[in-house]
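Heads up, the thing below is written out as structure tokens.
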Number of protein chains: 2
Amino acid sequence: MSNNQLYRGSLTTIIMRLLEQEGKMYGYEITQKVKEITSGGMDIKEGALYPALHKLQAEGHLKVEAEKVENRIRKYYSLTPQGQKETVNMLAELKEYMENMQAIINPKLAY
Amino acid sequence: MSNNQLYRGSLTTIIMRLLEQEGKMYGYEITQKVKEITSGGMDIKEGALYPALHKLQAEGHLKVEAEKVENRIRKYYSLTPQGQKETVNMLAELKEYMENMQAIINPKLAY
DNA sequence: ATTGTTTACATAAGATTCTTATGTATATTA
DNA sequence: TAATATACATAAGAATCTTATGTAAACAAT
């Protein structure tokens, strides 16, 4: 996803959160949105994105509608009700992860 | 490392940072320290830890000294000069990762 | 006495998630 | 007309993890 191993495991959380915000998005749009938000700091690879979308769909977290725009096909993904619940969990786990990492990196000093 | 996929990729950063703080530690000590700091939220598996330590050592980031304590062997790891430099990079990348994830999760609202 | 838990190391098989490479196809810019 | 951007997809291989298993000593409990 980026030049950095830390991004491993966070792709599904990113996808779900963006869909929660935007309602529906197609794959290529997700890659561009992430580049924009992170000022180029994150680069989602197609080889990671499309299998991840298919897997989330197979698990029932996403639904898809194909649409033809300017003679090209776009596949718009959006959260199912189950996916909305799962997004809440994922964001809670991300918060927990961030707090744990902060605690390790910046330990509270004992005076 | 935990029940959560997000932890993938962060183990080496955790190890390097703890060694930067503590000077030297042995494997089992690292697992206990992380449990303590995160109040049990993170659980480093031995099957992940020991290969990670061996790899960091092979790459020249860590050096090791074996010590016999109460008839049991402990392998104390510490940062090499090269490992100290690499730790600075890793922490910078972690900071960047956290900022990127924050930007995605909590987008700045446009008024 | 011996069973279970903790301390302390290690590795192998398999799962998951990613990168890199490749493929198809259309639209737009140089 | 060649390159770039848009838009999808998959396969091979790399990296990192979990689970399972193994050795071995110390200590607590029954």
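Letters for chains follow the order of the structure tokens (A, B, ...), residue numbers begin at 1 for each chain, and ligand numbers begin at 1 in the order shown.
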- Query: Counting only C-alpha atoms (C1' of nucleotides), which residues from chain D have an atom at most 9 Å from any atom of chain A, and could you show them as a PyMOL selection string?
  - Reply: chain D and resi 6-10+15-16
Write a file of the just-selected residues containing C-alpha atoms (C1' of nucleotides), as a tab-separated table (two decimals), in the first residue's frame.
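Listed below is the output, selection16.tsv:
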chain	number	residue	atom	x	y	z
D	6	DT	C1'	-9.00	5.88	-16.35
D	7	DA	C1'	-11.02	1.35	-14.88
D	8	DC	C1'	-11.24	-3.24	-14.08
D	9	DA	C1'	-8.87	-8.03	-12.96
D	10	DT	C1'	-5.72	-11.94	-11.54
D	15	DA	C1'	6.67	-10.63	4.19
D	16	DT	C1'	4.59	-11.09	8.53
- chain A residues within 12 Å of chain B, counting only C-alpha atoms: which ones, as number ranges by chain? A: 1-22, 30, 33-43, 87-109
With C-alpha atoms retained, write the just-selected residues as a PDB file, in the first residue's frame.
ATOM      1  CA  MET A   1       0.000   0.000   0.000  1.00  0.00           C
ATOM      2  CA  SER A   2       2.949   2.224   0.663  1.00  0.00           C
ATOM      3  CA  ASN A   3       6.701   1.893   0.979  1.00  0.00           C
ATOM      4  CA  ASN A   4       6.099   1.142   4.626  1.00  0.00           C
ATOM      5  CA  GLN A   5       5.243  -2.182   6.285  1.00  0.00           C
ATOM      6  CA  LEU A   6       3.064  -0.430   8.859  1.00  0.00           C
ATOM      7  CA  TYR A   7       0.209  -0.112   6.375  1.00  0.00           C
ATOM      8  CA  ARG A   8      -0.278  -3.874   6.333  1.00  0.00           C
ATOM      9  CA  GLY A   9      -3.686  -4.719   7.748  1.00  0.00           C
ATOM     10  CA  SER A  10      -5.218  -1.273   7.506  1.00  0.00           C
ATOM     11  CA  LEU A  11      -6.571  -1.389   3.948  1.00  0.00           C
ATOM     12  CA  THR A  12      -9.990  -2.795   4.824  1.00  0.00           C
ATOM     13  CA  THR A  13     -10.434  -0.219   7.583  1.00  0.00           C
ATOM     14  CA  ILE A  14      -9.601   2.558   5.110  1.00  0.00           C
ATOM     15  CA  ILE A  15     -12.044   1.247   2.514  1.00  0.00           C
ATOM     16  CA  MET A  16     -14.874   0.845   5.009  1.00  0.00           C
ATOM     17  CA  ARG A  17     -14.346   4.275   6.545  1.00  0.00           C
ATOM     18  CA  LEU A  18     -14.269   6.030   3.160  1.00  0.00           C
ATOM     19  CA  LEU A  19     -17.478   4.282   2.124  1.00  0.00           C
ATOM     20  CA  GLU A  20     -19.067   5.280   5.431  1.00  0.00           C
ATOM     21  CA  GLN A  21     -18.225   8.899   4.645  1.00  0.00           C
ATOM     22  CA  GLU A  22     -18.870   9.015   0.928  1.00  0.00           C
ATOM     23  CA  ILE A  30     -10.719   5.101  -3.652  1.00  0.00           C
ATOM     24  CA  LYS A  33      -9.096   9.842  -2.711  1.00  0.00           C
ATOM     25  CA  VAL A  34      -6.477   8.260  -0.448  1.00  0.00           C
ATOM     26  CA  LYS A  35      -3.645   9.881  -2.436  1.00  0.00           C
ATOM     27  CA  GLU A  36      -5.389  13.231  -2.122  1.00  0.00           C
ATOM     28  CA  ILE A  37      -6.105  12.992   1.606  1.00  0.00           C
ATOM     29  CA  THR A  38      -2.549  11.910   2.448  1.00  0.00           C
ATOM     30  CA  SER A  39      -0.884  14.279  -0.048  1.00  0.00           C
ATOM     31  CA  GLY A  40       0.597  11.334  -1.893  1.00  0.00           C
ATOM     32  CA  GLY A  41       1.835   9.699   1.299  1.00  0.00           C
ATOM     33  CA  MET A  42      -0.257   6.602   0.735  1.00  0.00           C
ATOM     34  CA  ASP A  43      -0.505   4.752  -2.556  1.00  0.00           C
ATOM     35  CA  THR A  87     -17.082  -0.367  10.366  1.00  0.00           C
ATOM     36  CA  VAL A  88     -17.863   0.786  13.889  1.00  0.00           C
ATOM     37  CA  ASN A  89     -15.870  -2.160  15.254  1.00  0.00           C
ATOM     38  CA  MET A  90     -12.961  -1.554  12.906  1.00  0.00           C
ATOM     39  CA  LEU A  91     -12.702   2.113  13.865  1.00  0.00           C
ATOM     40  CA  ALA A  92     -12.791   1.191  17.559  1.00  0.00           C
ATOM     41  CA  GLU A  93      -9.974  -1.293  16.968  1.00  0.00           C
ATOM     42  CA  LEU A  94      -7.964   1.291  15.056  1.00  0.00           C
ATOM     43  CA  LYS A  95      -8.350   3.723  17.945  1.00  0.00           C
ATOM     44  CA  GLU A  96      -7.217   1.048  20.374  1.00  0.00           C
ATOM     45  CA  TYR A  97      -4.245   0.190  18.180  1.00  0.00           C
ATOM     46  CA  MET A  98      -3.209   3.842  17.951  1.00  0.00           C
ATOM     47  CA  GLU A  99      -3.485   4.284  21.716  1.00  0.00           C
ATOM     48  CA  ASN A 100      -1.442   1.155  22.344  1.00  0.00           C
ATOM     49  CA  MET A 101       1.263   2.274  19.947  1.00  0.00           C
ATOM     50  CA  GLN A 102       1.321   5.722  21.513  1.00  0.00           C
ATOM     51  CA  ALA A 103       1.715   4.179  24.957  1.00  0.00           C
ATOM     52  CA  ILE A 104       4.712   2.180  23.747  1.00  0.00           C
ATOM     53  CA  ILE A 105       6.326   4.988  21.791  1.00  0.00           C
ATOM     54  CA  ASN A 106       5.673   7.774  24.317  1.00  0.00           C
ATOM     55  CA  PRO A 107       5.614   6.117  27.722  1.00  0.00           C
ATOM     56  CA  LYS A 108       4.242   8.144  30.585  1.00  0.00           C
ATOM     57  CA  LEU A 109       7.151   9.300  32.702  1.00  0.00           C
TER      58      LEU A 109
END
Using only C-alpha atoms (C1' of nucleotides), I'd like a table of the residues in chain C that come within 8 Å of chain B; for each, show the closest atom pair and its distance in Å rounded to one decimal, ordered by chain and ascending number, as a Markdown table.
| residue | atom | partner | partner_atom | distance |
| --- | --- | --- | --- | --- |
| C:DT7 | C1' | B:Tyr28 | CA | 7.9 |
| C:DA8 | C1' | B:Tyr28 | CA | 6.6 |
| C:DC9 | C1' | B:Ile73 | CA | 7.7 |
| C:DA10 | C1' | B:Tyr50 | CA | 7.6 |
Now that the selection is made, can you save its residues with N, CA and C atoms (P, O5', C5', C4', C3', O3' and C1' of nucleotides) as a CSV table (one decimal), in the first residue's frame?
chain,number,residue,atom,x,y,z
C,7,DT,P,6.3,-15.3,34.5
C,7,DT,O5',7.7,-16.0,34.1
C,7,DT,C5',8.6,-16.2,35.0
C,7,DT,C4',9.8,-17.0,34.5
C,7,DT,C3',10.5,-16.3,33.3
C,7,DT,O3',11.9,-16.2,33.6
C,7,DT,C1',10.1,-18.5,32.7
C,8,DA,P,12.9,-15.2,32.9
C,8,DA,O5',13.0,-15.9,31.4
C,8,DA,C5',14.2,-16.5,31.0
C,8,DA,C4',14.1,-17.3,29.7
C,8,DA,C3',13.7,-16.5,28.4
C,8,DA,O3',14.9,-15.9,27.8
C,8,DA,C1',13.0,-18.8,28.4
C,9,DC,P,14.7,-15.2,26.4
C,9,DC,O5',14.7,-16.4,25.3
C,9,DC,C5',16.0,-17.0,25.0
C,9,DC,C4',15.9,-18.4,24.5
C,9,DC,C3',15.5,-18.5,23.0
C,9,DC,O3',16.7,-18.3,22.2
C,9,DC,C1',14.4,-20.2,24.3
C,10,DA,P,16.5,-18.0,20.7
C,10,DA,O5',15.8,-19.3,20.1
C,10,DA,C5',16.5,-20.5,20.0
C,10,DA,C4',15.5,-21.5,19.3
C,10,DA,C3',15.0,-21.0,18.0
C,10,DA,O3',15.9,-21.6,17.0
C,10,DA,C1',13.3,-22.2,19.3
- Query: Among chain B, which ones does DSSP place in strand (DSSP E), written as a list in words?
  - Reply: Met25, Tyr26, Leu62, Lys63, Val64, Glu65, Ala66, Glu67, Lys68, Val69, Arg72, Ile73, Arg74, Lys75, Tyr76, Tyr77, Ser78 and Leu79 of chain B
Write a file of the selected residues as a PDB file, in the first residue's frame, keeping C-alpha atoms.
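To be explicit, this is the file written out as selection_35.pdb:
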ATOM      1  CA  MET B  25      16.142  -6.577  26.977  1.00  0.00           C
ATOM      2  CA  TYR B  26      15.615 -10.299  26.475  1.00  0.00           C
ATOM      3  CA  LEU B  62      20.645  -5.644  17.006  1.00  0.00           C
ATOM      4  CA  LYS B  63      23.480  -7.311  18.880  1.00  0.00           C
ATOM      5  CA  VAL B  64      23.020 -10.093  21.415  1.00  0.00           C
ATOM      6  CA  GLU B  65      24.749 -11.281  24.595  1.00  0.00           C
ATOM      7  CA  ALA B  66      23.752 -14.544  26.262  1.00  0.00           C
ATOM      8  CA  GLU B  67      23.634 -14.552  30.042  1.00  0.00           C
ATOM      9  CA  LYS B  68      22.929 -17.351  32.498  1.00  0.00           C
ATOM     10  CA  VAL B  69      20.476 -16.305  35.200  1.00  0.00           C
ATOM     11  CA  ARG B  72      18.376 -20.461  32.607  1.00  0.00           C
ATOM     12  CA  ILE B  73      19.763 -18.711  29.549  1.00  0.00           C
ATOM     13  CA  ARG B  74      18.657 -15.215  28.665  1.00  0.00           C
ATOM     14  CA  LYS B  75      19.598 -13.562  25.395  1.00  0.00           C
ATOM     15  CA  TYR B  76      19.910  -9.845  25.894  1.00  0.00           C
ATOM     16  CA  TYR B  77      19.399  -7.745  22.776  1.00  0.00           C
ATOM     17  CA  SER B  78      20.492  -4.137  22.273  1.00  0.00           C
ATOM     18  CA  LEU B  79      20.679  -1.681  19.367  1.00  0.00           C
TER      19      LEU B  79
END
Go ahead and align chain A to chain B (same sequence, so just pair every C-alpha in order, least squares) and export the moved chain as a short mmCIF file (atom, residue, chain, number, x, y, z; two decimals) with N, CA and C atoms, in the first residue's frame.
data_model
loop_
_atom_site.label_atom_id
_atom_site.label_comp_id
_atom_site.auth_asym_id
_atom_site.auth_seq_id
_atom_site.Cartn_x
_atom_site.Cartn_y
_atom_site.Cartn_z
N MET A 1 0.10 -10.92 16.66
CA MET A 1 0.53 -10.13 17.81
C MET A 1 -0.64 -9.80 18.72
N SER A 2 -1.79 -9.68 18.10
CA SER A 2 -3.01 -9.41 18.85
C SER A 2 -4.16 -10.00 18.05
N ASN A 3 -5.35 -9.86 18.52
CA ASN A 3 -6.50 -10.38 17.79
C ASN A 3 -6.82 -9.51 16.56
N ASN A 4 -6.02 -8.53 16.33
CA ASN A 4 -6.33 -7.49 15.37
C ASN A 4 -5.28 -7.42 14.26
N GLN A 5 -5.75 -7.40 13.01
CA GLN A 5 -4.84 -7.37 11.86
C GLN A 5 -3.99 -6.11 11.80
N LEU A 6 -4.44 -5.05 12.45
CA LEU A 6 -3.72 -3.77 12.37
C LEU A 6 -2.29 -3.85 12.88
N TYR A 7 -2.03 -4.80 13.77
CA TYR A 7 -0.71 -4.89 14.39
C TYR A 7 0.35 -5.43 13.44
N ARG A 8 -0.11 -5.99 12.31
CA ARG A 8 0.84 -6.51 11.33
C ARG A 8 1.80 -5.40 10.89
N GLY A 9 3.08 -5.69 10.94
CA GLY A 9 4.06 -4.72 10.45
C GLY A 9 4.65 -3.82 11.51
N SER A 10 4.06 -3.83 12.70
CA SER A 10 4.55 -2.90 13.72
C SER A 10 5.47 -3.55 14.76
N LEU A 11 5.66 -4.86 14.66
CA LEU A 11 6.46 -5.55 15.69
C LEU A 11 7.90 -5.06 15.75
N THR A 12 8.54 -4.91 14.60
CA THR A 12 9.94 -4.47 14.62
C THR A 12 10.08 -3.06 15.20
N THR A 13 9.13 -2.20 14.87
CA THR A 13 9.16 -0.84 15.43
C THR A 13 9.04 -0.88 16.95
N ILE A 14 8.17 -1.74 17.45
CA ILE A 14 7.98 -1.88 18.90
C ILE A 14 9.27 -2.37 19.57
N ILE A 15 9.87 -3.41 18.99
CA ILE A 15 11.10 -3.96 19.55
C ILE A 15 12.19 -2.89 19.60
N MET A 16 12.39 -2.22 18.48
CA MET A 16 13.47 -1.23 18.39
C MET A 16 13.25 -0.09 19.37
N ARG A 17 12.02 0.38 19.48
CA ARG A 17 11.72 1.48 20.39
C ARG A 17 11.93 1.08 21.85
N LEU A 18 11.52 -0.12 22.22
CA LEU A 18 11.71 -0.58 23.60
C LEU A 18 13.19 -0.69 23.92
N LEU A 19 13.97 -1.20 22.97
CA LEU A 19 15.41 -1.32 23.19
C LEU A 19 16.07 0.06 23.27
N GLU A 20 15.56 1.00 22.52
CA GLU A 20 16.07 2.38 22.59
C GLU A 20 15.86 2.94 23.99
N GLN A 21 14.70 2.63 24.56
CA GLN A 21 14.37 3.14 25.89
C GLN A 21 15.11 2.41 26.99
N GLU A 22 15.11 1.08 26.90
CA GLU A 22 15.56 0.25 28.02
C GLU A 22 17.04 -0.11 27.95
N GLY A 23 17.67 0.12 26.80
CA GLY A 23 19.07 -0.25 26.67
C GLY A 23 19.23 -1.68 26.20
N LYS A 24 18.89 -2.64 27.06
CA LYS A 24 18.92 -4.04 26.62
C LYS A 24 17.77 -4.81 27.24
N MET A 25 17.25 -5.77 26.49
CA MET A 25 16.15 -6.59 26.96
C MET A 25 16.28 -7.99 26.37
N TYR A 26 15.69 -8.97 27.05
CA TYR A 26 15.63 -10.32 26.46
C TYR A 26 14.21 -10.57 25.98
N GLY A 27 14.06 -11.57 25.12
CA GLY A 27 12.81 -11.80 24.42
C GLY A 27 11.58 -11.85 25.31
N TYR A 28 11.63 -12.72 26.26
CA TYR A 28 10.48 -12.90 27.15
C TYR A 28 10.12 -11.59 27.86
N GLU A 29 11.16 -10.84 28.21
CA GLU A 29 10.95 -9.55 28.88
C GLU A 29 10.17 -8.57 27.99
N ILE A 30 10.46 -8.62 26.70
CA ILE A 30 9.77 -7.75 25.75
C ILE A 30 8.27 -8.06 25.72
N THR A 31 7.95 -9.36 25.70
CA THR A 31 6.53 -9.74 25.67
C THR A 31 5.80 -9.24 26.93
N GLN A 32 6.47 -9.34 28.07
CA GLN A 32 5.85 -8.93 29.33
C GLN A 32 5.71 -7.41 29.43
N LYS A 33 6.73 -6.72 28.95
CA LYS A 33 6.72 -5.25 28.98
C LYS A 33 5.57 -4.70 28.13
N VAL A 34 5.39 -5.30 26.95
CA VAL A 34 4.33 -4.84 26.05
C VAL A 34 2.95 -5.11 26.66
N LYS A 35 2.79 -6.27 27.28
CA LYS A 35 1.52 -6.58 27.97
C LYS A 35 1.24 -5.55 29.05
N GLU A 36 2.29 -5.22 29.80
CA GLU A 36 2.15 -4.27 30.91
C GLU A 36 1.76 -2.88 30.41
N ILE A 37 2.51 -2.40 29.41
CA ILE A 37 2.27 -1.05 28.90
C ILE A 37 0.87 -0.90 28.33
N THR A 38 0.39 -1.95 27.64
CA THR A 38 -0.91 -1.87 26.97
C THR A 38 -2.03 -2.47 27.81
N SER A 39 -1.75 -2.75 29.08
CA SER A 39 -2.75 -3.36 29.98
C SER A 39 -3.37 -4.62 29.38
N GLY A 40 -2.52 -5.43 28.78
CA GLY A 40 -2.99 -6.69 28.21
C GLY A 40 -3.57 -6.56 26.82
N GLY A 41 -3.62 -5.35 26.30
CA GLY A 41 -4.22 -5.11 24.98
C GLY A 41 -3.40 -5.71 23.84
N MET A 42 -2.10 -5.79 24.03
CA MET A 42 -1.26 -6.41 23.02
C MET A 42 -0.56 -7.62 23.59
N ASP A 43 -0.54 -8.69 22.79
CA ASP A 43 0.06 -9.95 23.20
C ASP A 43 1.01 -10.42 22.11
N ILE A 44 2.30 -10.21 22.30
CA ILE A 44 3.28 -10.62 21.30
C ILE A 44 3.49 -12.12 21.39
N LYS A 45 3.29 -12.79 20.26
CA LYS A 45 3.45 -14.24 20.21
C LYS A 45 4.92 -14.61 20.05
N GLU A 46 5.32 -15.68 20.71
CA GLU A 46 6.73 -16.10 20.61
C GLU A 46 7.10 -16.47 19.17
N GLY A 47 6.15 -17.05 18.46
CA GLY A 47 6.39 -17.45 17.07
C GLY A 47 6.63 -16.27 16.14
N ALA A 48 6.24 -15.08 16.58
CA ALA A 48 6.52 -13.86 15.82
C ALA A 48 7.77 -13.17 16.36
N LEU A 49 7.90 -13.15 17.67
CA LEU A 49 8.99 -12.41 18.30
C LEU A 49 10.38 -12.96 17.96
N TYR A 50 10.59 -14.24 18.19
CA TYR A 50 11.95 -14.77 18.04
C TYR A 50 12.46 -14.67 16.61
N PRO A 51 11.66 -15.04 15.61
CA PRO A 51 12.14 -14.82 14.24
C PRO A 51 12.42 -13.34 13.94
N ALA A 52 11.62 -12.45 14.50
CA ALA A 52 11.83 -11.01 14.27
C ALA A 52 13.16 -10.56 14.88
N LEU A 53 13.45 -11.03 16.10
CA LEU A 53 14.73 -10.69 16.74
C LEU A 53 15.91 -11.22 15.93
N HIS A 54 15.78 -12.45 15.45
CA HIS A 54 16.87 -13.05 14.67
C HIS A 54 17.10 -12.28 13.38
N LYS A 55 16.01 -11.85 12.77
CA LYS A 55 16.13 -11.12 11.52
C LYS A 55 16.79 -9.74 11.74
N LEU A 56 16.36 -9.05 12.78
CA LEU A 56 16.95 -7.74 13.09
C LEU A 56 18.44 -7.87 13.40
N GLN A 57 18.77 -8.96 14.05
CA GLN A 57 20.18 -9.22 14.35
C GLN A 57 20.97 -9.48 13.07
N ALA A 58 20.39 -10.31 12.18
CA ALA A 58 21.05 -10.65 10.91
C ALA A 58 21.24 -9.40 10.05
N GLU A 59 20.33 -8.44 10.18
CA GLU A 59 20.42 -7.21 9.40
C GLU A 59 21.40 -6.21 10.01
N GLY A 60 21.89 -6.54 11.19
CA GLY A 60 22.86 -5.65 11.83
C GLY A 60 22.24 -4.56 12.69
N HIS A 61 20.95 -4.66 12.96
CA HIS A 61 20.29 -3.64 13.79
C HIS A 61 20.40 -3.95 15.28
N LEU A 62 20.54 -5.24 15.60
CA LEU A 62 20.65 -5.65 17.00
C LEU A 62 21.90 -6.48 17.22
N LYS A 63 22.44 -6.38 18.44
CA LYS A 63 23.48 -7.33 18.85
C LYS A 63 22.96 -8.06 20.08
N VAL A 64 23.56 -9.23 20.35
CA VAL A 64 23.03 -10.09 21.41
C VAL A 64 24.15 -10.58 22.33
N GLU A 65 23.83 -10.67 23.62
CA GLU A 65 24.74 -11.27 24.59
C GLU A 65 23.95 -12.28 25.42
N ALA A 66 24.41 -13.52 25.44
CA ALA A 66 23.74 -14.53 26.26
C ALA A 66 24.22 -14.42 27.70
N GLU A 67 23.32 -14.63 28.63
CA GLU A 67 23.64 -14.53 30.05
C GLU A 67 22.90 -15.63 30.79
N LYS A 68 23.58 -16.25 31.75
CA LYS A 68 22.93 -17.32 32.49
C LYS A 68 22.41 -16.76 33.82
N VAL A 69 21.09 -16.81 33.99
CA VAL A 69 20.47 -16.29 35.20
C VAL A 69 19.62 -17.39 35.82
N GLU A 70 19.93 -17.74 37.07
CA GLU A 70 19.20 -18.81 37.77
C GLU A 70 19.11 -20.09 36.93
N ASN A 71 20.25 -20.45 36.37
CA ASN A 71 20.36 -21.68 35.59
C ASN A 71 19.60 -21.70 34.27
N ARG A 72 19.01 -20.56 33.90
CA ARG A 72 18.35 -20.45 32.60
C ARG A 72 19.07 -19.42 31.74
N ILE A 73 19.06 -19.64 30.43
CA ILE A 73 19.75 -18.71 29.53
C ILE A 73 18.82 -17.58 29.12
N ARG A 74 19.34 -16.36 29.20
CA ARG A 74 18.66 -15.20 28.65
C ARG A 74 19.52 -14.63 27.54
N LYS A 75 18.86 -14.21 26.46
CA LYS A 75 19.60 -13.55 25.39
C LYS A 75 19.21 -12.09 25.36
N TYR A 76 20.15 -11.28 25.83
CA TYR A 76 19.91 -9.83 25.89
C TYR A 76 20.22 -9.18 24.55
N TYR A 77 19.24 -8.47 24.03
CA TYR A 77 19.40 -7.75 22.77
C TYR A 77 19.55 -6.25 23.04
N SER A 78 20.37 -5.60 22.21
CA SER A 78 20.50 -4.14 22.27
C SER A 78 20.76 -3.60 20.87
N LEU A 79 20.53 -2.32 20.68
CA LEU A 79 20.68 -1.69 19.36
C LEU A 79 22.15 -1.51 19.01
N THR A 80 22.51 -1.80 17.79
CA THR A 80 23.81 -1.41 17.26
C THR A 80 23.71 0.07 16.85
N PRO A 81 24.83 0.72 16.56
CA PRO A 81 24.76 2.11 16.06
C PRO A 81 23.86 2.21 14.83
N GLN A 82 23.98 1.26 13.93
CA GLN A 82 23.12 1.21 12.75
C GLN A 82 21.65 1.08 13.16
N GLY A 83 21.40 0.25 14.18
CA GLY A 83 20.05 0.06 14.68
C GLY A 83 19.46 1.32 15.29
N GLN A 84 20.33 2.11 15.91
CA GLN A 84 19.86 3.37 16.49
C GLN A 84 19.38 4.34 15.41
N LYS A 85 20.17 4.39 14.33
CA LYS A 85 19.75 5.24 13.19
C LYS A 85 18.42 4.75 12.62
N GLU A 86 18.33 3.44 12.44
CA GLU A 86 17.13 2.85 11.85
C GLU A 86 15.91 3.08 12.74
N THR A 87 16.11 3.11 14.04
CA THR A 87 15.00 3.35 14.97
C THR A 87 14.41 4.74 14.76
N VAL A 88 15.28 5.71 14.53
CA VAL A 88 14.81 7.07 14.24
C VAL A 88 13.92 7.08 13.01
N ASN A 89 14.36 6.38 11.96
CA ASN A 89 13.56 6.28 10.73
C ASN A 89 12.21 5.62 10.99
N MET A 90 12.25 4.50 11.72
CA MET A 90 11.03 3.75 11.98
C MET A 90 10.01 4.57 12.75
N LEU A 91 10.48 5.34 13.72
CA LEU A 91 9.57 6.16 14.52
C LEU A 91 8.98 7.29 13.68
N ALA A 92 9.80 7.82 12.76
CA ALA A 92 9.30 8.87 11.85
C ALA A 92 8.22 8.29 10.94
N GLU A 93 8.45 7.05 10.48
CA GLU A 93 7.46 6.41 9.60
C GLU A 93 6.18 6.06 10.35
N LEU A 94 6.32 5.69 11.61
CA LEU A 94 5.14 5.41 12.43
C LEU A 94 4.31 6.68 12.61
N LYS A 95 5.01 7.78 12.87
CA LYS A 95 4.32 9.07 13.05
C LYS A 95 3.56 9.44 11.77
N GLU A 96 4.23 9.25 10.64
CA GLU A 96 3.62 9.55 9.36
C GLU A 96 2.39 8.67 9.11
N TYR A 97 2.54 7.40 9.43
CA TYR A 97 1.43 6.45 9.28
C TYR A 97 0.24 6.88 10.13
N MET A 98 0.50 7.24 11.37
CA MET A 98 -0.56 7.64 12.29
C MET A 98 -1.26 8.90 11.79
N GLU A 99 -0.48 9.85 11.29
CA GLU A 99 -1.06 11.08 10.77
C GLU A 99 -1.92 10.81 9.53
N ASN A 100 -1.42 9.93 8.67
CA ASN A 100 -2.19 9.58 7.48
C ASN A 100 -3.50 8.90 7.85
N MET A 101 -3.44 8.00 8.79
CA MET A 101 -4.66 7.30 9.21
C MET A 101 -5.63 8.27 9.87
N GLN A 102 -5.11 9.17 10.67
CA GLN A 102 -5.97 10.18 11.29
C GLN A 102 -6.66 11.04 10.23
N ALA A 103 -5.92 11.40 9.21
CA ALA A 103 -6.48 12.25 8.15
C ALA A 103 -7.61 11.53 7.41
N ILE A 104 -7.48 10.22 7.28
CA ILE A 104 -8.52 9.45 6.60
C ILE A 104 -9.73 9.24 7.51
N ILE A 105 -9.46 8.94 8.75
CA ILE A 105 -10.53 8.63 9.70
C ILE A 105 -11.27 9.88 10.14
N ASN A 106 -10.53 10.95 10.41
CA ASN A 106 -11.14 12.22 10.85
C ASN A 106 -10.82 13.33 9.87
N PRO A 107 -11.50 13.33 8.73
CA PRO A 107 -11.17 14.34 7.70
C PRO A 107 -11.51 15.73 8.22
N LYS A 108 -10.67 16.68 7.81
CA LYS A 108 -10.94 18.07 8.16
C LYS A 108 -12.21 18.50 7.43
N LEU A 109 -13.13 19.09 8.17
CA LEU A 109 -14.37 19.53 7.55
C LEU A 109 -14.15 20.87 6.85
N ALA A 110 -14.75 21.02 5.69
CA ALA A 110 -14.68 22.29 4.95
C ALA A 110 -15.97 23.05 5.22
N TYR A 111 -15.84 24.27 5.74
CA TYR A 111 -17.03 25.06 6.08
C TYR A 111 -17.39 26.04 4.96
#
- Message: Show me, as a VMD selection string, the residues that have an atom within 12 Å of DA12 in chain D when counting only C-alpha atoms (C1' of nucleotides), minus same-chain residues fewer than 5 positions from it.
- Response: (chain A and resid 47) or (chain C and resid 19 to 22)
Output the selection as a short mmCIF file (atom, residue, chain, number, x, y, z; two decimals), in the first residue's frame - C-alpha atoms (C1' of nucleotides) for each residue.
data_model
loop_
_atom_site.label_atom_id
_atom_site.label_comp_id
_atom_site.auth_asym_id
_atom_site.auth_seq_id
_atom_site.Cartn_x
_atom_site.Cartn_y
_atom_site.Cartn_z
CA GLY A 47 -3.29 -5.68 -6.75
"C1'" DT C 19 3.92 -6.05 -4.02
"C1'" DT C 20 5.09 -6.76 -8.58
"C1'" DA C 21 3.91 -8.08 -12.96
"C1'" DT C 22 0.76 -8.74 -16.38
#
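If only C-alpha atoms (C1' of nucleotides) are the atoms counted, then among C:DT6, C:DG23, C:DA15, C:DT28 the closest residue to DA26 in chain D is C:DT6.
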- Query: Rounded to one decimal in Å, what is the spacing between C1' of DA24 in chain D and C1' of DG14 in chain C?
  - Reply: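 Separation between C1' of DA24 in chain D and C1' of DG14 in chain C: 27.1 Å.
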- Can you check which residues of chain B DSSP gives as alpha helix (DSSP H) on the backbone and send them as an MDAnalysis selection string? chainID B and resid 11:22 27:37 46:58 81:105
- Message: Quick one: residues within 12 Å of DT4 in chain D, only C-alpha atoms (C1' of nucleotides), excluding same-chain residues fewer than 5 positions away - as a list of chain:residue names?
- Response: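 Contacts, in chain order: C:DA27, C:DT28, C:DT29, C:DA30.
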